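input-v1.txt, holding compact mmCIF, C-alpha atoms:
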```
# COMPACT_ATOMS: atom_id res chain seq x y z
CA MET A 1 0.00 0.00 0.00
CA LEU A 2 1.06 3.62 -0.40
CA GLN A 3 2.19 5.36 2.78
CA LEU A 4 1.14 9.01 2.93
CA ILE A 5 4.14 11.15 3.91
CA ASP A 6 2.79 14.67 3.48
CA ARG A 7 -0.24 16.52 2.22
CA SER A 8 -0.54 20.20 1.50
CA GLU A 9 -3.44 21.60 -0.47
CA ASP A 10 -3.51 19.74 -3.80
CA LEU A 11 -0.02 18.18 -3.46
CA MET A 12 0.47 14.80 -1.83
CA VAL A 13 3.67 12.88 -1.13
CA ALA A 14 3.51 9.12 -0.65
CA ALA A 15 5.99 6.27 -0.43
CA LEU A 16 5.68 3.19 -2.58
CA PRO A 17 5.89 -0.17 -0.80
CA GLN A 18 8.96 -2.38 -1.05
CA ASP A 19 7.44 -4.46 -3.85
CA VAL A 20 4.86 -3.46 -6.43
CA ASP A 21 3.99 -6.61 -8.29
CA PHE A 22 1.05 -8.78 -9.28
CA CYS A 23 0.32 -9.56 -5.62
CA THR A 24 0.43 -5.97 -4.35
CA SER A 25 -0.42 -3.73 -7.31
CA ASP A 26 -4.19 -3.86 -6.74
CA ASP A 27 -3.69 -2.55 -3.18
CA VAL A 28 -1.27 0.13 -4.40
CA ARG A 29 -3.67 1.18 -7.12
CA ALA A 30 -6.63 1.30 -4.70
CA ALA A 31 -4.62 3.40 -2.22
CA GLY A 32 -3.57 5.74 -5.02
CA GLU A 33 -7.15 6.08 -6.22
CA ARG A 34 -8.24 7.04 -2.69
CA LEU A 35 -5.57 9.76 -2.65
CA LEU A 36 -6.62 11.02 -6.07
CA THR A 37 -10.33 11.01 -5.24
CA GLY A 38 -9.98 14.20 -3.21
CA ASP A 39 -8.39 17.40 -4.40
CA CYS A 40 -4.95 15.91 -5.18
CA ARG A 41 -3.63 17.22 -8.52
CA TYR A 42 0.09 16.73 -7.84
CA LEU A 43 1.32 13.38 -6.56
CA VAL A 44 4.94 12.74 -5.60
CA LEU A 45 5.86 9.09 -5.16
CA ASP A 46 8.98 8.10 -3.22
CA SER A 47 10.49 4.88 -4.51
CA SER A 48 13.35 4.72 -1.98
CA PRO A 49 11.87 1.78 0.00
CA PHE A 50 11.26 0.06 -3.31
CA THR A 51 13.08 -3.11 -4.43
CA PHE A 52 10.92 -4.62 -7.17
CA MET A 53 8.27 -3.66 -9.71
CA ASP A 54 6.73 -5.77 -12.42
CA SER A 55 4.47 -4.78 -15.31
CA SER A 56 1.40 -4.54 -13.05
CA GLY A 57 3.21 -1.94 -10.94
CA ILE A 58 4.12 0.03 -14.05
CA THR A 59 0.48 -0.13 -15.12
CA ALA A 60 -0.53 1.33 -11.74
CA LEU A 61 1.94 4.23 -12.17
CA LEU A 62 0.61 4.93 -15.64
CA ALA A 63 -2.98 4.89 -14.34
CA PHE A 64 -2.02 7.53 -11.75
CA TRP A 65 -0.25 9.57 -14.43
CA ARG A 66 -3.27 9.46 -16.79
CA ARG A 67 -5.68 10.53 -14.07
CA LEU A 68 -3.48 13.40 -12.91
CA GLU A 69 -2.81 14.58 -16.48
CA ALA A 70 -6.54 14.63 -17.16
CA ALA A 71 -7.00 16.81 -14.05
CA GLY A 72 -4.30 19.23 -15.19
CA GLY A 73 -1.84 17.96 -12.59
CA ALA A 74 1.26 15.81 -12.59
CA LEU A 75 2.89 12.67 -11.22
CA ILE A 76 6.50 13.02 -10.13
CA VAL A 77 8.44 9.93 -9.07
CA ALA A 78 11.59 10.15 -6.95
CA VAL A 79 13.87 7.28 -8.01
CA PRO A 80 17.17 7.31 -6.10
CA ASP A 81 18.16 3.87 -7.41
CA GLU A 82 20.23 4.37 -10.57
CA HIS A 83 19.44 0.89 -11.89
CA LEU A 84 15.69 1.46 -11.52
CA ARG A 85 15.99 4.81 -13.35
CA TRP A 86 17.86 2.99 -16.11
CA ARG A 87 15.12 0.33 -16.35
CA LEU A 88 12.38 2.96 -16.47
CA GLY A 89 14.35 4.67 -19.25
CA LEU A 90 14.59 1.42 -21.21
CA LEU A 91 10.80 1.22 -21.10
CA GLY A 92 10.52 4.82 -22.26
CA LEU A 93 8.79 5.85 -19.05
CA ASP A 94 11.25 8.69 -18.53
CA THR A 95 9.61 10.36 -21.54
CA VAL A 96 6.16 10.10 -19.95
CA LEU A 97 6.71 10.32 -16.20
CA MET A 98 8.60 13.08 -14.42
CA ILE A 99 11.46 11.28 -12.69
CA THR A 100 13.90 12.84 -10.22
CA VAL A 101 16.78 11.40 -8.21
CA THR A 102 15.74 12.64 -4.76
CA LEU A 103 12.47 13.11 -2.96
CA GLY A 104 13.38 16.74 -2.29
CA GLU A 105 13.84 17.38 -6.02
CA ALA A 106 10.49 15.72 -6.75
CA ILE A 107 8.66 17.87 -4.19
CA THR A 108 10.35 21.02 -5.50
CA GLN A 109 9.37 20.09 -9.08
CA ALA A 110 5.75 19.48 -8.03
CA ARG A 111 5.57 22.83 -6.23
CA ARG A 112 7.03 24.64 -9.24
CA LEU A 113 4.49 23.03 -11.56
CA ARG A 114 1.64 23.87 -9.22
CA ASP A 115 2.80 27.46 -8.68
CA SER A 116 3.38 28.06 -12.39
CA LYS A 117 -0.16 26.94 -13.20
CA ARG A 118 -1.56 29.15 -10.46
CA SER A 119 0.34 32.22 -11.61
CA SER A 120 -0.21 31.78 -15.34
CA PRO A 121 -2.58 34.37 -16.81
CA SER A 122 -6.13 33.40 -17.48
CA THR A 123 -6.83 32.02 -20.91
CA ARG A 124 -10.06 33.97 -21.12
CA GLN A 125 -10.12 36.64 -23.77
CA PRO A 126 -11.41 40.10 -22.84
CA ALA A 127 -14.82 40.95 -24.16
CA ALA A 128 -14.72 42.85 -27.46
CA GLU A 129 -15.57 46.51 -27.16
CA THR A 130 -18.48 47.76 -29.19
CA LYS A 131 -18.28 51.05 -31.04
CA SER A 132 -21.27 53.28 -31.32
CA ALA A 133 -22.01 54.57 -34.80
```
Using C-alpha cells, write down the structure that the file contains.
Amino acid sequence: MLQLIDRSEDLMVAALPQDVDFCTSDDVRAAGERLLTGDCRYLVLDSSPFTFMDSSGITALLAFWRRLEAAGGALIVAVPDEHLRWRLGLLGLDTVLMITVTLGEAITQARRLRDSKRSSPSTRQPAAETKSA
C-alpha cells in the first residue's frame, strides 16, 4: 500500500511499498485512487523503499499519471536507485513520467508546476468593445 508522507493543499507525497507486483499492485492502485479522489492534482511518489516492480506496478503508475494529467496535474516519481531509473528509461517511461533522483527534487518540481499553473494568466479573452455609430 502507499504510505502518505505529506499533504498540502492539492499536493500529496507518498511512499511506494517495497514491492509493487502482481500480488500488491491492486492494493497500491486502490490506495492511489483514494488519494486522487480528493483534491490531489500533484502526486509525488517516493520509490526509496522500493526493491521490485513488475508490469502490473508500471500499469498502476501509468494509471495515476493518466488521471493526474486529465485533471491538469502531474505525477513526479523520486527514483534514487540508478538501476531502476535505467530500467524505467529502457521502457521509455522517462519520456512520460517526471522522474527525479531525490524526494526533495520531486517535491520542488511538483511545487514549481503547481505554482506556475496558479500564476499563469487566465486564458479567457477580454470581451470585445463595441463602437457606437
Between A:Ser55, A:Gln109, A:Gln18, A:Thr102, smallest distance to Leu88 in chain A by only C-alpha atoms belongs to A:Ser55
Using all atoms listed in the file, which residues sit within 6 Å of range 27-43 of chain A once same-chain residues fewer than 4 positions away are excluded, as a PyMOL selection string? chain A and resi 1-2+10-13+60+68+73-75
Keeping C-alpha atoms, export the residues of the selection given above as a PDB file, keeping the file's coordinate frame.
```
ATOM      1  CA  MET A   1       0.000   0.000   0.000  1.00  0.00           C
ATOM      2  CA  LEU A   2       1.060   3.620  -0.400  1.00  0.00           C
ATOM      3  CA  ASP A  10      -3.510  19.740  -3.800  1.00  0.00           C
ATOM      4  CA  LEU A  11      -0.020  18.180  -3.460  1.00  0.00           C
ATOM      5  CA  MET A  12       0.470  14.800  -1.830  1.00  0.00           C
ATOM      6  CA  VAL A  13       3.670  12.880  -1.130  1.00  0.00           C
ATOM      7  CA  ALA A  60      -0.530   1.330 -11.740  1.00  0.00           C
ATOM      8  CA  LEU A  68      -3.480  13.400 -12.910  1.00  0.00           C
ATOM      9  CA  GLY A  73      -1.840  17.960 -12.590  1.00  0.00           C
ATOM     10  CA  ALA A  74       1.260  15.810 -12.590  1.00  0.00           C
ATOM     11  CA  LEU A  75       2.890  12.670 -11.220  1.00  0.00           C
TER      12      LEU A  75
END
```
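Residues in contact range of Asp46 in chain A, defined as at most 6 Å between all atoms listed in the file, with sequence neighbours fewer than 6 positions away removed, read Ala15, Leu16 and Ala78 of chain A.
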Serialized selection, C-alpha atoms, as a CSV table (one decimal), in the frame of the given file:
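The result, written out as out09.csv:
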```csv
chain,number,residue,atom,x,y,z
A,15,ALA,CA,6.0,6.3,-0.4
A,16,LEU,CA,5.7,3.2,-2.6
A,78,ALA,CA,11.6,10.2,-7.0
```
Put a box with edges along x, y and z around all the listed atoms of range 47-50 of chain A, pad it by 5 Å on each side, then give me its centre and sizes in Å, one decimal, as AutoDock Vina command-line options.
```
--center_x 11.9 --center_y 2.5 --center_z -2.3 --size_x 12.9 --size_y 14.8 --size_z 14.5
```
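Around Phe52 in chain A, within 12 Å and counting all atoms listed in the file, the residues found are Leu16, Pro17, Gln18, Asp19, Val20, Asp21, Phe22, Cys23, Thr24, Ser25, Ser47, Ser48, Ser56, Gly57, Ile58, Asp81, His83, Leu84 and Arg87 of chain A, once anything fewer than 4 positions away on its own chain is removed.
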| task | Measure the distance from CA of Val101 in chain A to CA of Arg85 in chain A in Å and round it to one decimal. | result |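 So the answer is 8.4 Å.
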Next item on the list: Mind giving me the straight-line distance from CA of Leu61 in chain A to CA of Met98 in chain A in Å, one decimal?
Entry: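 It comes out at 11.3 Å.
CA of Glu105 in chain A is found 19.9 Å from CA of Arg118 in chain A.
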Would you fill out range 77-88 of chain A with all heavy atoms and return it as a tab-separated table (two decimals), in the coordinates of the input?
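In the end it all went to selection-v7.tsv:
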```tsv
chain	number	residue	atom	x	y	z
A	77	VAL	N	7.95	11.10	-9.78
A	77	VAL	CA	8.44	9.93	-9.07
A	77	VAL	C	9.91	10.14	-8.71
A	77	VAL	O	10.73	10.38	-9.59
A	77	VAL	CB	8.29	8.64	-9.92
A	77	VAL	CG1	8.68	7.42	-9.10
A	77	VAL	CG2	6.86	8.50	-10.43
A	78	ALA	N	10.21	10.06	-7.42
A	78	ALA	CA	11.59	10.15	-6.95
A	78	ALA	C	12.19	8.75	-7.00
A	78	ALA	O	11.68	7.82	-6.36
A	78	ALA	CB	11.64	10.69	-5.53
A	79	VAL	N	13.25	8.59	-7.80
A	79	VAL	CA	13.87	7.28	-8.01
A	79	VAL	C	15.37	7.39	-7.70
A	79	VAL	O	16.17	7.65	-8.60
A	79	VAL	CB	13.65	6.78	-9.46
A	79	VAL	CG1	14.18	5.37	-9.62
A	79	VAL	CG2	12.17	6.83	-9.83
A	80	PRO	N	15.75	7.19	-6.44
A	80	PRO	CA	17.17	7.31	-6.10
A	80	PRO	C	18.02	6.17	-6.64
A	80	PRO	O	19.22	6.34	-6.85
A	80	PRO	CB	17.18	7.31	-4.56
A	80	PRO	CG	15.86	6.80	-4.13
A	80	PRO	CD	14.91	7.00	-5.27
A	81	ASP	N	17.42	5.02	-6.91
A	81	ASP	CA	18.16	3.87	-7.41
A	81	ASP	C	18.50	4.04	-8.89
A	81	ASP	O	17.60	4.08	-9.74
A	81	ASP	CB	17.34	2.60	-7.19
A	81	ASP	CG	18.07	1.36	-7.63
A	81	ASP	OD1	18.82	0.79	-6.82
A	81	ASP	OD2	17.89	0.97	-8.81
A	82	GLU	N	19.79	4.13	-9.19
A	82	GLU	CA	20.23	4.37	-10.57
A	82	GLU	C	19.79	3.25	-11.51
A	82	GLU	O	19.38	3.50	-12.65
A	82	GLU	CB	21.75	4.51	-10.59
A	82	GLU	CG	22.30	4.86	-11.95
A	82	GLU	CD	23.80	5.08	-11.93
A	82	GLU	OE1	24.40	5.08	-10.84
A	82	GLU	OE2	24.36	5.24	-13.03
A	83	HIS	N	19.83	2.01	-11.04
A	83	HIS	CA	19.44	0.89	-11.89
A	83	HIS	C	17.95	0.95	-12.24
A	83	HIS	O	17.55	0.69	-13.37
A	83	HIS	CB	19.78	-0.44	-11.21
A	83	HIS	CG	19.49	-1.63	-12.06
A	83	HIS	ND1	20.20	-1.93	-13.21
A	83	HIS	CD2	18.54	-2.58	-11.96
A	83	HIS	CE1	19.71	-3.02	-13.76
A	83	HIS	NE2	18.70	-3.44	-13.03
A	84	LEU	N	17.13	1.32	-11.26
A	84	LEU	CA	15.69	1.46	-11.52
A	84	LEU	C	15.43	2.59	-12.51
A	84	LEU	O	14.61	2.44	-13.42
A	84	LEU	CB	14.91	1.68	-10.23
A	84	LEU	CG	13.41	1.89	-10.37
A	84	LEU	CD1	12.75	0.72	-11.10
A	84	LEU	CD2	12.77	2.09	-9.01
A	85	ARG	N	16.13	3.72	-12.37
A	85	ARG	CA	15.99	4.81	-13.35
A	85	ARG	C	16.37	4.32	-14.75
A	85	ARG	O	15.71	4.64	-15.73
A	85	ARG	CB	16.84	6.03	-12.96
A	85	ARG	CG	16.26	6.84	-11.85
A	85	ARG	CD	16.93	8.21	-11.70
A	85	ARG	NE	18.38	8.18	-11.75
A	85	ARG	CZ	19.18	7.96	-10.71
A	85	ARG	NH1	18.65	7.73	-9.52
A	85	ARG	NH2	20.48	7.98	-10.85
A	86	TRP	N	17.41	3.55	-14.83
A	86	TRP	CA	17.86	2.99	-16.11
A	86	TRP	C	16.77	2.10	-16.71
A	86	TRP	O	16.44	2.19	-17.89
A	86	TRP	CB	19.16	2.22	-15.92
A	86	TRP	CG	19.66	1.54	-17.14
A	86	TRP	CD1	20.29	2.10	-18.22
A	86	TRP	CD2	19.56	0.15	-17.43
A	86	TRP	NE1	20.60	1.15	-19.15
A	86	TRP	CE2	20.16	-0.07	-18.69
A	86	TRP	CE3	19.04	-0.95	-16.73
A	86	TRP	CZ2	20.24	-1.32	-19.27
A	86	TRP	CZ3	19.13	-2.20	-17.32
A	86	TRP	CH2	19.72	-2.37	-18.58
A	87	ARG	N	16.18	1.22	-15.86
A	87	ARG	CA	15.12	0.33	-16.35
A	87	ARG	C	13.89	1.11	-16.80
A	87	ARG	O	13.29	0.78	-17.83
A	87	ARG	CB	14.73	-0.70	-15.28
A	87	ARG	CG	15.82	-1.73	-15.05
A	87	ARG	CD	15.38	-2.80	-14.11
A	87	ARG	NE	15.00	-2.18	-12.84
A	87	ARG	CZ	14.51	-2.85	-11.82
A	87	ARG	NH1	14.31	-4.13	-11.90
A	87	ARG	NH2	14.19	-2.23	-10.71
A	88	LEU	N	13.52	2.13	-16.06
A	88	LEU	CA	12.38	2.96	-16.47
A	88	LEU	C	12.68	3.65	-17.79
A	88	LEU	O	11.81	3.81	-18.64
A	88	LEU	CB	12.04	3.98	-15.38
A	88	LEU	CG	11.51	3.41	-14.07
A	88	LEU	CD1	11.37	4.51	-13.02
A	88	LEU	CD2	10.20	2.68	-14.27
```
